[in-house]
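Colleague: So here's model-v3.tsv, just TSV, C-alpha atoms:
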```tsv
chain	number	residue	atom	x	y	z
A	1	MET	CA	-7.50	-10.86	-15.33
A	2	PRO	CA	-7.33	-8.01	-12.80
A	3	SER	CA	-8.22	-8.64	-9.20
A	4	SER	CA	-11.64	-7.78	-7.89
A	5	SER	CA	-11.93	-4.72	-5.66
A	6	PRO	CA	-15.06	-2.97	-4.36
A	7	CYS	CA	-13.27	0.39	-4.16
A	8	VAL	CA	-13.31	2.62	-7.24
A	9	LEU	CA	-10.52	5.18	-7.38
A	10	ARG	CA	-11.62	8.44	-9.03
A	11	PRO	CA	-8.85	11.03	-8.73
A	12	ASN	CA	-9.45	14.56	-9.95
A	13	PHE	CA	-7.73	15.45	-13.21
A	14	THR	CA	-7.30	19.16	-13.91
A	15	ALA	CA	-6.28	21.39	-16.79
A	16	GLU	CA	-2.81	21.50	-15.29
A	17	HIS	CA	-2.69	17.71	-14.90
A	18	PRO	CA	-5.13	16.37	-17.52
A	19	PHE	CA	-6.24	12.82	-18.16
A	20	PRO	CA	-3.58	11.55	-20.61
A	21	SER	CA	-4.53	10.63	-24.14
A	22	LEU	CA	-4.53	7.02	-25.29
A	23	PRO	CA	-1.38	6.03	-27.18
A	24	PRO	CA	-2.39	4.59	-30.58
A	25	ILE	CA	-1.63	1.02	-31.60
A	26	ILE	CA	-0.06	1.23	-35.04
A	27	ASN	CA	-0.39	-2.37	-36.19
A	28	GLU	CA	-3.99	-2.81	-37.38
A	29	GLN	CA	-3.99	-6.58	-36.88
A	30	ILE	CA	-2.92	-6.21	-33.26
A	31	LYS	CA	-5.47	-3.46	-32.75
A	32	MET	CA	-8.30	-5.62	-34.10
A	33	GLN	CA	-7.33	-8.55	-31.90
A	34	VAL	CA	-7.11	-6.31	-28.83
A	35	PHE	CA	-10.82	-5.54	-29.18
A	36	THR	CA	-11.95	-9.08	-30.09
A	37	HIS	CA	-13.67	-10.86	-27.23
A	38	ARG	CA	-13.60	-14.66	-27.23
A	39	SER	CA	-17.40	-14.73	-27.65
A	40	PHE	CA	-17.06	-13.17	-31.12
A	41	TYR	CA	-15.77	-16.40	-32.70
A	42	ALA	CA	-17.41	-18.68	-30.11
A	43	ARG	CA	-14.37	-20.94	-30.07
A	44	PRO	CA	-14.19	-23.65	-27.37
A	45	ASN	CA	-12.26	-22.55	-24.29
A	46	HIS	CA	-11.30	-26.02	-23.01
A	47	VAL	CA	-8.45	-26.41	-25.55
A	48	PHE	CA	-5.04	-26.83	-23.91
A	49	GLU	CA	-3.04	-25.28	-26.75
A	50	ASP	CA	-3.88	-23.78	-30.14
A	51	HIS	CA	-2.60	-25.33	-33.35
A	52	PRO	CA	0.33	-23.34	-34.82
A	53	ASP	CA	-1.65	-22.76	-38.01
A	54	ASP	CA	-4.79	-21.68	-36.19
A	55	PRO	CA	-3.98	-19.48	-33.17
A	56	SER	CA	-6.87	-18.05	-31.20
A	57	PRO	CA	-7.87	-14.68	-32.70
A	58	ASP	CA	-9.32	-13.23	-29.47
A	59	ASN	CA	-7.74	-10.81	-27.01
A	60	GLU	CA	-7.17	-13.13	-24.04
A	61	ARG	CA	-3.45	-13.49	-24.75
A	62	PHE	CA	-3.06	-9.70	-24.87
A	63	GLU	CA	-5.11	-9.36	-21.69
A	64	HIS	CA	-2.86	-11.86	-19.91
A	65	LEU	CA	0.25	-10.02	-21.06
A	66	GLY	CA	-1.24	-6.62	-20.21
A	67	ASP	CA	-2.02	-7.77	-16.67
A	68	THR	CA	1.67	-8.59	-16.14
A	69	VAL	CA	2.91	-5.34	-17.68
A	70	LEU	CA	0.43	-3.33	-15.62
A	71	SER	CA	1.57	-4.97	-12.36
A	72	LEU	CA	5.20	-4.33	-13.28
A	73	VAL	CA	4.60	-0.63	-13.96
A	74	VAL	CA	2.44	-0.08	-10.88
A	75	THR	CA	4.97	-1.81	-8.62
A	76	GLY	CA	7.75	0.34	-10.05
A	77	LEU	CA	5.63	3.46	-9.63
A	78	LEU	CA	5.01	2.65	-5.98
A	79	ILE	CA	8.74	2.23	-5.40
A	80	ASP	CA	9.41	5.55	-7.15
A	81	ILE	CA	6.83	7.54	-5.17
A	82	TYR	CA	6.97	5.76	-1.80
A	83	PRO	CA	10.42	4.12	-1.52
A	84	ASN	CA	9.96	3.34	2.20
A	85	LEU	CA	6.60	1.59	1.82
A	86	ARG	CA	6.55	-1.94	3.21
A	87	VAL	CA	5.47	-4.88	1.04
A	88	GLY	CA	2.16	-5.51	2.83
A	89	PRO	CA	0.69	-2.02	2.38
A	90	SER	CA	2.24	-1.81	-1.08
A	91	THR	CA	0.37	-4.95	-2.11
A	92	LYS	CA	-2.93	-3.51	-0.84
A	93	ILE	CA	-2.37	-0.26	-2.71
A	94	ARG	CA	-1.50	-2.08	-5.93
A	95	ALA	CA	-4.63	-4.24	-5.59
A	96	LEU	CA	-6.78	-1.09	-5.44
A	97	ILE	CA	-5.12	0.39	-8.52
A	98	VAL	CA	-5.37	-2.74	-10.68
A	99	GLY	CA	-8.77	-3.81	-9.35
A	100	ASN	CA	-11.61	-4.42	-11.78
A	101	ALA	CA	-13.62	-1.42	-10.59
A	102	THR	CA	-10.83	1.10	-11.14
A	103	LEU	CA	-9.62	-0.37	-14.44
A	104	ALA	CA	-13.18	-0.43	-15.76
A	105	GLU	CA	-13.53	3.25	-14.86
A	106	ILE	CA	-10.37	4.05	-16.81
A	107	SER	CA	-11.51	1.87	-19.71
A	108	ARG	CA	-14.80	3.74	-19.97
A	109	ARG	CA	-13.01	7.10	-19.93
A	110	TYR	CA	-11.04	5.93	-22.96
A	111	ASP	CA	-14.27	4.55	-24.51
A	112	LEU	CA	-12.59	1.18	-25.04
A	113	PRO	CA	-15.70	-0.99	-24.44
A	114	ALA	CA	-17.45	0.71	-27.37
A	115	HIS	CA	-14.88	-0.80	-29.75
A	116	LEU	CA	-15.25	-4.39	-28.53
A	117	ARG	CA	-16.21	-7.06	-31.04
A	118	LEU	CA	-18.67	-9.32	-29.24
A	119	HIS	CA	-21.12	-12.10	-30.01
A	120	PRO	CA	-24.32	-10.43	-31.26
A	121	ALA	CA	-26.50	-12.25	-28.74
A	122	GLN	CA	-24.36	-11.10	-25.81
A	123	THR	CA	-23.30	-7.65	-26.90
A	124	ILE	CA	-25.35	-5.58	-24.45
A	125	THR	CA	-24.60	-7.77	-21.42
A	126	LEU	CA	-20.88	-8.16	-22.08
A	127	ARG	CA	-20.27	-4.53	-23.00
A	128	ALA	CA	-21.85	-3.42	-19.69
A	129	SER	CA	-19.81	-5.91	-17.63
A	130	VAL	CA	-17.25	-4.32	-15.32
A	131	ASN	CA	-15.00	-7.35	-15.74
A	132	ILE	CA	-15.06	-7.13	-19.54
A	133	GLN	CA	-14.42	-3.38	-19.41
A	134	ALA	CA	-11.40	-3.95	-17.20
A	135	ASP	CA	-10.20	-6.84	-19.38
A	136	VAL	CA	-10.18	-4.77	-22.56
A	137	PHE	CA	-8.07	-2.10	-20.86
A	138	GLU	CA	-5.49	-4.75	-19.94
A	139	SER	CA	-5.76	-6.15	-23.45
A	140	TYR	CA	-4.95	-2.72	-24.85
A	141	ILE	CA	-1.89	-2.51	-22.60
A	142	GLY	CA	-0.74	-5.91	-23.85
A	143	GLY	CA	-1.33	-4.98	-27.48
A	144	LEU	CA	0.55	-1.69	-27.13
A	145	TYR	CA	3.43	-3.55	-25.48
A	146	VAL	CA	3.66	-6.02	-28.37
A	147	ASP	CA	3.31	-3.21	-30.90
A	148	GLN	CA	5.82	-0.71	-29.47
A	149	GLY	CA	7.44	-2.18	-26.38
A	150	LEU	CA	7.73	-1.05	-22.77
A	151	ALA	CA	9.19	2.30	-23.83
A	152	ALA	CA	5.75	3.29	-25.14
A	153	VAL	CA	3.68	1.70	-22.37
A	154	GLU	CA	5.53	2.73	-19.21
A	155	PRO	CA	5.51	6.55	-19.56
A	156	TRP	CA	1.81	6.53	-20.45
A	157	LEU	CA	0.82	4.28	-17.55
A	158	LYS	CA	2.95	6.13	-15.01
A	159	THR	CA	1.42	9.47	-16.01
A	160	LEU	CA	-2.07	7.98	-15.99
A	161	LEU	CA	-1.79	6.02	-12.75
A	162	ARG	CA	0.15	8.45	-10.56
A	163	PRO	CA	-3.03	10.19	-9.28
A	164	TYR	CA	-4.67	6.79	-8.72
A	165	THR	CA	-1.60	5.67	-6.78
A	166	THR	CA	-1.75	8.71	-4.52
A	167	GLU	CA	-5.44	8.19	-3.83
A	168	ALA	CA	-4.93	4.48	-3.08
A	169	TYR	CA	-2.01	5.31	-0.79
A	170	ILE	CA	-4.15	7.72	1.23
A	171	TYR	CA	-6.96	5.16	1.42
A	172	VAL	CA	-4.71	2.39	2.73
A	173	ARG	CA	-2.97	4.73	5.19
A	174	THR	CA	-6.38	5.56	6.64
A	175	GLN	CA	-7.20	1.86	6.90
A	176	HIS	CA	-4.04	1.42	8.98
A	177	GLY	CA	-5.22	4.11	11.39
A	178	LEU	CA	-2.72	6.67	10.12
A	179	PRO	CA	-3.40	10.25	9.02
A	180	PRO	CA	-4.06	10.57	5.26
A	181	LEU	CA	-0.62	12.05	4.58
A	182	PRO	CA	2.60	12.14	6.61
A	183	ALA	CA	2.79	15.16	8.90
A	184	PRO	CA	5.49	17.74	8.08
A	185	VAL	CA	8.63	17.28	10.14
A	186	ALA	CA	9.17	20.05	12.72
A	187	PRO	CA	12.40	22.08	12.39
A	188	PRO	CA	15.22	21.08	14.79
A	189	LEU	CA	15.02	22.70	18.21
A	190	ALA	CA	18.60	23.96	17.98
A	191	ALA	CA	17.85	25.92	14.84
A	192	SER	CA	14.87	27.61	16.51
A	193	THR	CA	16.93	28.53	19.56
A	194	SER	CA	19.75	30.03	17.54
A	195	THR	CA	17.43	32.44	15.74
A	196	SER	CA	15.22	33.31	18.72
A	197	SER	CA	17.64	36.00	19.95
A	198	ASN	CA	16.32	38.25	17.20
A	199	SER	CA	12.88	39.46	18.26
A	200	SER	CA	11.62	39.50	14.68
A	201	GLY	CA	12.95	36.00	13.99
A	202	SER	CA	13.43	36.92	10.36
A	203	SER	CA	17.21	37.23	9.99
A	204	ASP	CA	20.53	35.97	11.35
A	205	HIS	CA	23.58	38.00	12.46
A	206	SER	CA	24.51	38.71	8.85
A	207	GLY	CA	21.15	40.30	8.22
A	208	ALA	CA	20.22	37.71	5.57
A	209	PRO	CA	16.68	36.33	5.72
A	210	THR	CA	16.36	33.01	7.51
A	211	PRO	CA	14.90	30.45	5.12
A	212	ALA	CA	11.59	28.98	6.22
A	213	PRO	CA	11.46	25.24	6.92
A	214	ALA	CA	10.13	23.15	4.05
A	215	SER	CA	6.42	22.52	4.36
A	216	ALA	CA	6.26	19.53	2.05
A	217	PRO	CA	5.77	16.20	3.84
A	218	ASP	CA	8.99	14.22	4.16
A	219	GLU	CA	7.89	10.62	4.22
A	220	SER	CA	11.33	9.13	4.87
A	221	ALA	CA	11.97	11.48	7.81
A	222	ASP	CA	8.49	10.78	9.16
A	223	THR	CA	9.13	7.04	8.94
A	224	ARG	CA	12.49	7.37	10.68
A	225	ALA	CA	10.89	9.45	13.45
A	226	SER	CA	8.21	6.79	13.95
A	227	ILE	CA	10.81	4.04	14.20
A	228	ARG	CA	12.89	6.04	16.65
A	229	SER	CA	9.80	6.64	18.76
A	230	ALA	CA	8.82	2.96	18.74
A	231	LEU	CA	12.31	1.67	19.50
A	232	SER	CA	13.60	4.47	21.75
A	233	HIS	CA	15.94	3.51	24.56
A	234	ARG	CA	16.17	4.80	28.13
A	235	ARG	CA	13.63	7.57	27.88
A	236	PRO	CA	13.13	9.24	31.29
A	237	HIS	CA	9.65	8.43	32.61
A	238	ALA	CA	7.34	10.75	34.47
A	239	SER	CA	8.07	8.87	37.69
A	240	GLY	CA	11.77	9.51	37.31
A	241	THR	CA	12.44	5.83	36.57
A	242	PRO	CA	14.03	5.26	33.14
A	243	THR	CA	12.21	2.81	30.91
A	244	THR	CA	12.55	1.17	27.52
A	245	THR	CA	9.95	0.15	24.96
A	246	GLY	CA	9.52	-2.76	22.59
A	247	HIS	CA	9.91	-5.61	25.06
A	248	LEU	CA	6.17	-6.00	25.60
A	249	ALA	CA	5.41	-6.63	21.92
A	250	LEU	CA	8.23	-9.19	21.62
A	251	PHE	CA	7.14	-10.91	24.84
A	252	ASN	CA	3.54	-11.21	23.67
A	253	GLN	CA	4.68	-12.44	20.27
A	254	GLN	CA	6.77	-15.23	21.80
A	255	LEU	CA	3.91	-16.31	24.06
A	256	GLN	CA	1.46	-16.38	21.14
A	257	LYS	CA	3.83	-18.55	19.12
A	258	ALA	CA	4.15	-20.97	22.03
A	259	ARG	CA	0.38	-20.78	22.68
A	260	ARG	CA	0.91	-20.16	26.39
A	261	GLU	CA	-1.59	-18.48	28.71
A	262	VAL	CA	-0.57	-15.12	30.15
A	263	GLU	CA	-2.17	-13.05	32.91
A	264	TRP	CA	-1.29	-9.55	34.09
A	265	LEU	CA	-1.97	-8.90	37.79
A	266	TYR	CA	-1.85	-5.34	39.15
A	267	SER	CA	-1.25	-4.33	42.77
A	268	ASP	CA	-1.39	-0.98	44.53
A	269	GLY	CA	1.79	1.07	44.35
A	270	VAL	CA	1.06	2.73	47.71
A	271	GLY	CA	3.81	5.10	48.79
A	272	GLN	CA	5.61	4.79	45.44
A	273	GLY	CA	4.12	7.80	43.72
A	274	THR	CA	2.07	10.93	44.17
A	275	ASP	CA	-1.51	11.91	43.42
A	276	THR	CA	-0.46	13.43	40.11
A	277	THR	CA	2.12	10.78	39.14
A	278	PRO	CA	0.88	7.38	40.36
A	279	ILE	CA	3.01	4.27	40.05
A	280	TRP	CA	1.54	1.08	38.58
A	281	VAL	CA	2.89	-2.24	39.84
A	282	VAL	CA	2.25	-5.44	37.87
A	283	ARG	CA	3.40	-9.02	37.71
A	284	VAL	CA	3.03	-11.29	34.72
A	285	GLU	CA	2.16	-14.96	35.14
A	286	VAL	CA	2.64	-17.48	32.33
A	287	ASP	CA	0.71	-20.71	32.81
A	288	GLY	CA	0.31	-19.76	36.48
A	289	GLU	CA	4.02	-19.12	37.06
A	290	VAL	CA	5.45	-15.64	37.74
A	291	PHE	CA	7.74	-14.64	34.87
A	292	GLY	CA	8.40	-11.00	35.76
A	293	LYS	CA	7.46	-7.91	37.72
A	294	GLY	CA	7.46	-4.27	36.73
A	295	ARG	CA	6.42	-0.79	37.71
A	296	GLY	CA	5.90	2.44	35.82
A	297	GLY	CA	3.97	5.67	35.49
A	298	THR	CA	1.46	3.95	33.16
A	299	LYS	CA	0.08	0.44	32.93
A	300	LYS	CA	1.85	-0.09	29.62
A	301	ALA	CA	5.19	1.04	31.03
A	302	ALA	CA	4.78	-1.33	33.96
A	303	ARG	CA	3.87	-4.23	31.68
A	304	ASN	CA	6.89	-3.48	29.50
A	305	GLU	CA	9.27	-3.71	32.48
A	306	ALA	CA	7.66	-6.99	33.53
A	307	ALA	CA	7.92	-8.26	29.96
A	308	LYS	CA	11.64	-7.44	29.99
A	309	GLU	CA	12.13	-9.78	32.96
A	310	GLY	CA	9.91	-12.34	31.26
A	311	LEU	CA	12.07	-12.33	28.14
A	312	VAL	CA	15.18	-12.93	30.26
A	313	ARG	CA	13.35	-15.80	31.94
A	314	MET	CA	12.67	-17.24	28.48
A	315	GLY	CA	16.34	-16.91	27.53
A	316	ILE	CA	15.79	-13.95	25.20
A	317	VAL	CA	18.11	-11.04	25.93
A	318	VAL	CA	17.52	-7.80	24.01
```
Let me see the structure of the file written as structure tokens.
Modeller:
Amino acid sequence: MPSSSPCVLRPNFTAEHPFPSLPPIINEQIKMQVFTHRSFYARPNHVFEDHPDDPSPDNERFEHLGDTVLSLVVTGLLIDIYPNLRVGPSTKIRALIVGNATLAEISRRYDLPAHLRLHPAQTITLRASVNIQADVFESYIGGLYVDQGLAAVEPWLKTLLRPYTTEAYIYVRTQHGLPPLPAPVAPPLAASTSTSSNSSGSSDHSGAPTPAPASAPDESADTRASIRSALSHRRPHASGTPTTTGHLALFNQQLQKARREVEWLYSDGVGQGTDTTPIWVVRVEVDGEVFGKGRGGTKKAARNEAAKEGLVRMGIVV
């Protein structure tokens, strides 16, 4: 059964990229079972295993199989589109795509609930259930897989779910405090300088037009730039004192693991800066004992330098 999710993904399909048609299930017996809800035969559901001569005729087995096939295809699609995506965000995105609300929306667009065979006394209630609507979509995936294999299921699902994947990706990026899409990477400074001698900026020495930088977002380059920014070494600071980053996060992480109390105490950096570029001076105390001191043009830079000394005090050299 698909996971529950309050978010319904509704991407826009256009004439250029239409909502794909439903691949037909050829085997009529499989097709009938795909649309047979367990309430139709009212068989007991506490049985551990069906008798070989009397297998359950409902669609739960297909639904179970379809759930697995769907997760496989969506995971592969995420890797294809966003190869640098970490597992945590990828799991959140997949949960949105395969959630009940989204699958039920897709199921209704294919009019699958209308074909369900249900117990007469429960028809209206069950057919309107979001869970049942989502289940029959997964059941159809499972039935198509048994009927024609992954070669028939995968292309259809990837075409269908690509817009949903993009919308879920944007949603989760926003949840992480990131812009909806990666920003385009700026052209290298050297390339700009080499062409700036021409006042028009439109050609090189050979007279050939200079190609414009690509405007499409480059996710891998954007990710590499973010990592370089977070783990940069020896960047000159505004105060003229070189600093490094990353020590503060590691220091705090180690203290949290050890469940130790930490306190940051600031003092005036009188005479160590100017009105426009003040110097912050801080010392860090762990359980009342001084572990390090630091200074910098910002509070964070000062804490990072103090954390560097604290890591050395803890026997961690980075």
Colleague: Kindly provide the residues of segment 46-97 of chain A that approach segment 153-168 of chain A to within 7 Å, each paired with its closest atom pair and their distance in Å to one decimal, based on all atoms listed in the file, listed by chain and increasing number, as CSV.
Modeller:
```
residue,atom,partner,partner_atom,distance
A:Val73,CA,A:Glu154,CA,6.3
A:Leu77,CA,A:Lys158,CA,6.6
A:Ile93,CA,A:Ala168,CA,5.4
A:Leu96,CA,A:Ala168,CA,6.3
A:Ile97,CA,A:Tyr164,CA,6.4
```
Colleague: For Pro55 of chain A, which residue among A:Ile81, A:Gln33, A:Ala151, A:Val69 is the nearest when counting all atoms listed in the file?
Modeller: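 Residue with the minimum atom-to-atom distance to Pro55 of chain A: A:Gln33.
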Colleague: I need the residue nearest Ile170 of chain A from this list: A:Tyr82, A:Ala121, A:Ala104, A:Val47. Use all atoms listed in the file for the distance.
Modeller: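 Residue with the minimum atom-to-atom distance to Ile170 of chain A: A:Tyr82.
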Colleague: Just the residues within 12 Å of Val146 of chain A, please, counting all atoms listed in the file, with nothing from its chain fewer than 5 positions along; format it as number ranges by chain.
Modeller: A: 25-27, 29-31, 33-34, 61-63, 65-66, 69, 139-141, 151-153
Colleague: Which of these, A:Gly143, A:Pro44, A:Pro24, A:Pro89, has the shortest distance to Tyr110 of chain A once you count only C-alpha atoms?
Modeller: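 Once distances to Tyr110 of chain A are computed over only C-alpha atoms, the minimum belongs to A:Pro24.
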Colleague: Please provide as an MDAnalysis selection string all residues within 8 Å of Val262 of chain A, with the sequence filter that same-chain residues fewer than 6 positions apart are discarded (counting all atoms listed in the file).
Modeller: chainID A and resid 255 284:288
Colleague: Compare A:Arg38, A:Arg43, A:Arg94, A:Lys299 by their minimum atom-to-atom distance to Asp135 of chain A, counting all atoms listed in the file, and give me the closest one.
Modeller: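 Of all the options, A:Arg38 lies closest to Asp135 of chain A.
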Colleague: Please tell me which residues are no farther than 12 Å from (-3.1, -3.8, 38.1) in the file, counting all atoms listed in the file, and write them as a ChimeraX atom specification.
Modeller: /A:263-269,279-284,293-296,298-303
Colleague: Residues within 10 Å of Ile132 of chain A, please, as a ChimeraX atom specification. Count all atoms listed in the file; anything in the same chain fewer than 3 positions from it doesn't count.
Modeller: /A:1,37,100,104,107,113,116,125-129,135-138
Colleague: Using only C-alpha atoms, which of the listed residues (A:Asn59, A:Leu85, A:Lys257, A:Ile79) sits closest to Gly142 of chain A?
Modeller: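 Checking each candidate against Gly142 of chain A, we get A:Asn59 as the closest.
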Colleague: Can you work out the spacing between atom CA of Gly88 of chain A and atom CA of Val172 of chain A in Å, to one decimal?
Modeller: 10.5 Å
Colleague: Contacts of Phe291 of chain A at 9 Å or less, counting only C-alpha atoms, minus same-chain residues fewer than 6 places along, as a ChimeraX atom specification?
Modeller: /A:283-285,306-307,309-314
Colleague: Go ahead and dump the residues you just picked, C-alpha atoms, as a PDB file, in the coordinates of the input.
Modeller:
```pdb
ATOM      1  CA  ARG A 283       3.400  -9.020  37.710  1.00  0.00           C
ATOM      2  CA  VAL A 284       3.030 -11.290  34.720  1.00  0.00           C
ATOM      3  CA  GLU A 285       2.160 -14.960  35.140  1.00  0.00           C
ATOM      4  CA  ALA A 306       7.660  -6.990  33.530  1.00  0.00           C
ATOM      5  CA  ALA A 307       7.920  -8.260  29.960  1.00  0.00           C
ATOM      6  CA  GLU A 309      12.130  -9.780  32.960  1.00  0.00           C
ATOM      7  CA  GLY A 310       9.910 -12.340  31.260  1.00  0.00           C
ATOM      8  CA  LEU A 311      12.070 -12.330  28.140  1.00  0.00           C
ATOM      9  CA  VAL A 312      15.180 -12.930  30.260  1.00  0.00           C
ATOM     10  CA  ARG A 313      13.350 -15.800  31.940  1.00  0.00           C
ATOM     11  CA  MET A 314      12.670 -17.240  28.480  1.00  0.00           C
TER      12      MET A 314
END
```
Colleague: So how far away is atom CA of Tyr171 of chain A from atom CA of Arg10 of chain A, in Å?
Modeller: 11.9 Å
Colleague: Mind pulling up the distance from atom CA of Ala101 of chain A to atom CA of Asp67 of chain A?
Modeller: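 Atom CA of Ala101 of chain A lies 14.6 Å from atom CA of Asp67 of chain A.
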Colleague: Determine the nearest neighbour of Leu144 of chain A from the options A:Leu181, A:Val290, A:Met32, A:Val8, counting all atoms listed in the file.
Modeller: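 Result for the nearest residue to Leu144 of chain A: A:Met32.
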Colleague: Mind writing segment 118-181 of chain A to a file for me, with C-alpha atoms, as a PDB file, in the first residue's frame?
Modeller:
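Written output follows (result.pdb):
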```
ATOM      1  CA  LEU A 118     -16.725  -3.915  -5.076  1.00  0.00           C
ATOM      2  CA  HIS A 119     -19.187  -5.294  -2.556  1.00  0.00           C
ATOM      3  CA  PRO A 120     -22.601  -3.822  -3.436  1.00  0.00           C
ATOM      4  CA  ALA A 121     -23.169  -2.515   0.082  1.00  0.00           C
ATOM      5  CA  GLN A 122     -19.848  -0.646   0.106  1.00  0.00           C
ATOM      6  CA  THR A 123     -19.534   0.471  -3.492  1.00  0.00           C
ATOM      7  CA  ILE A 124     -20.078   4.211  -3.004  1.00  0.00           C
ATOM      8  CA  THR A 125     -17.864   4.498   0.078  1.00  0.00           C
ATOM      9  CA  LEU A 126     -14.993   2.394  -1.251  1.00  0.00           C
ATOM     10  CA  ARG A 127     -14.977   3.914  -4.727  1.00  0.00           C
ATOM     11  CA  ALA A 128     -14.674   7.413  -3.200  1.00  0.00           C
ATOM     12  CA  SER A 129     -11.834   6.378  -0.860  1.00  0.00           C
ATOM     13  CA  VAL A 130      -8.471   7.962  -1.665  1.00  0.00           C
ATOM     14  CA  ASN A 131      -6.714   4.860  -0.351  1.00  0.00           C
ATOM     15  CA  ILE A 132      -8.703   2.530  -2.604  1.00  0.00           C
ATOM     16  CA  GLN A 133      -8.140   4.797  -5.599  1.00  0.00           C
ATOM     17  CA  ALA A 134      -4.401   4.734  -4.966  1.00  0.00           C
ATOM     18  CA  ASP A 135      -4.441   0.968  -4.384  1.00  0.00           C
ATOM     19  CA  VAL A 136      -6.077   0.212  -7.727  1.00  0.00           C
ATOM     20  CA  PHE A 137      -3.421   2.262  -9.529  1.00  0.00           C
ATOM     21  CA  GLU A 138      -0.708   0.167  -7.884  1.00  0.00           C
ATOM     22  CA  SER A 139      -2.702  -2.951  -8.673  1.00  0.00           C
ATOM     23  CA  TYR A 140      -2.773  -1.954 -12.327  1.00  0.00           C
ATOM     24  CA  ILE A 141       1.010  -1.501 -12.288  1.00  0.00           C
ATOM     25  CA  GLY A 142       1.410  -4.969 -10.774  1.00  0.00           C
ATOM     26  CA  GLY A 143      -0.960  -6.531 -13.295  1.00  0.00           C
ATOM     27  CA  LEU A 144       0.785  -4.877 -16.237  1.00  0.00           C
ATOM     28  CA  TYR A 145       4.130  -6.092 -14.891  1.00  0.00           C
ATOM     29  CA  VAL A 146       2.884  -9.689 -14.691  1.00  0.00           C
ATOM     30  CA  ASP A 147       1.260  -9.399 -18.112  1.00  0.00           C
ATOM     31  CA  GLN A 148       4.117  -7.791 -20.067  1.00  0.00           C
ATOM     32  CA  GLY A 149       7.105  -7.321 -17.783  1.00  0.00           C
ATOM     33  CA  LEU A 150       9.177  -4.326 -16.748  1.00  0.00           C
ATOM     34  CA  ALA A 151       9.849  -3.399 -20.374  1.00  0.00           C
ATOM     35  CA  ALA A 152       6.211  -2.308 -20.692  1.00  0.00           C
ATOM     36  CA  VAL A 153       5.863  -0.729 -17.246  1.00  0.00           C
ATOM     37  CA  GLU A 154       9.048   1.315 -16.909  1.00  0.00           C
ATOM     38  CA  PRO A 155       8.809   3.566 -19.998  1.00  0.00           C
ATOM     39  CA  TRP A 156       5.173   4.379 -19.226  1.00  0.00           C
ATOM     40  CA  LEU A 157       5.823   5.208 -15.562  1.00  0.00           C
ATOM     41  CA  LYS A 158       8.927   7.264 -16.292  1.00  0.00           C
ATOM     42  CA  THR A 159       7.062   9.359 -18.865  1.00  0.00           C
ATOM     43  CA  LEU A 160       4.087   9.734 -16.535  1.00  0.00           C
ATOM     44  CA  LEU A 161       6.000  10.491 -13.349  1.00  0.00           C
ATOM     45  CA  ARG A 162       8.756  12.767 -14.646  1.00  0.00           C
ATOM     46  CA  PRO A 163       6.645  15.957 -14.179  1.00  0.00           C
ATOM     47  CA  TYR A 164       5.567  14.740 -10.721  1.00  0.00           C
ATOM     48  CA  THR A 165       9.210  14.117  -9.843  1.00  0.00           C
ATOM     49  CA  THR A 166      10.198  17.644 -10.850  1.00  0.00           C
ATOM     50  CA  GLU A 167       7.377  19.165  -8.820  1.00  0.00           C
ATOM     51  CA  ALA A 168       8.245  17.054  -5.756  1.00  0.00           C
ATOM     52  CA  TYR A 169      11.915  17.992  -6.115  1.00  0.00           C
ATOM     53  CA  ILE A 170      11.073  21.702  -6.101  1.00  0.00           C
ATOM     54  CA  TYR A 171       8.780  21.233  -3.094  1.00  0.00           C
ATOM     55  CA  VAL A 172      11.423  19.440  -1.021  1.00  0.00           C
ATOM     56  CA  ARG A 173      14.150  21.916  -2.031  1.00  0.00           C
ATOM     57  CA  THR A 174      11.942  24.706  -0.707  1.00  0.00           C
ATOM     58  CA  GLN A 175      11.412  22.793   2.533  1.00  0.00           C
ATOM     59  CA  HIS A 176      15.198  22.677   2.946  1.00  0.00           C
ATOM     60  CA  GLY A 177      15.377  26.458   2.633  1.00  0.00           C
ATOM     61  CA  LEU A 178      16.847  26.330  -0.870  1.00  0.00           C
ATOM     62  CA  PRO A 179      15.648  28.188  -3.967  1.00  0.00           C
ATOM     63  CA  PRO A 180      13.168  26.171  -6.063  1.00  0.00           C
ATOM     64  CA  LEU A 181      15.761  25.380  -8.739  1.00  0.00           C
TER      65      LEU A 181
END
```
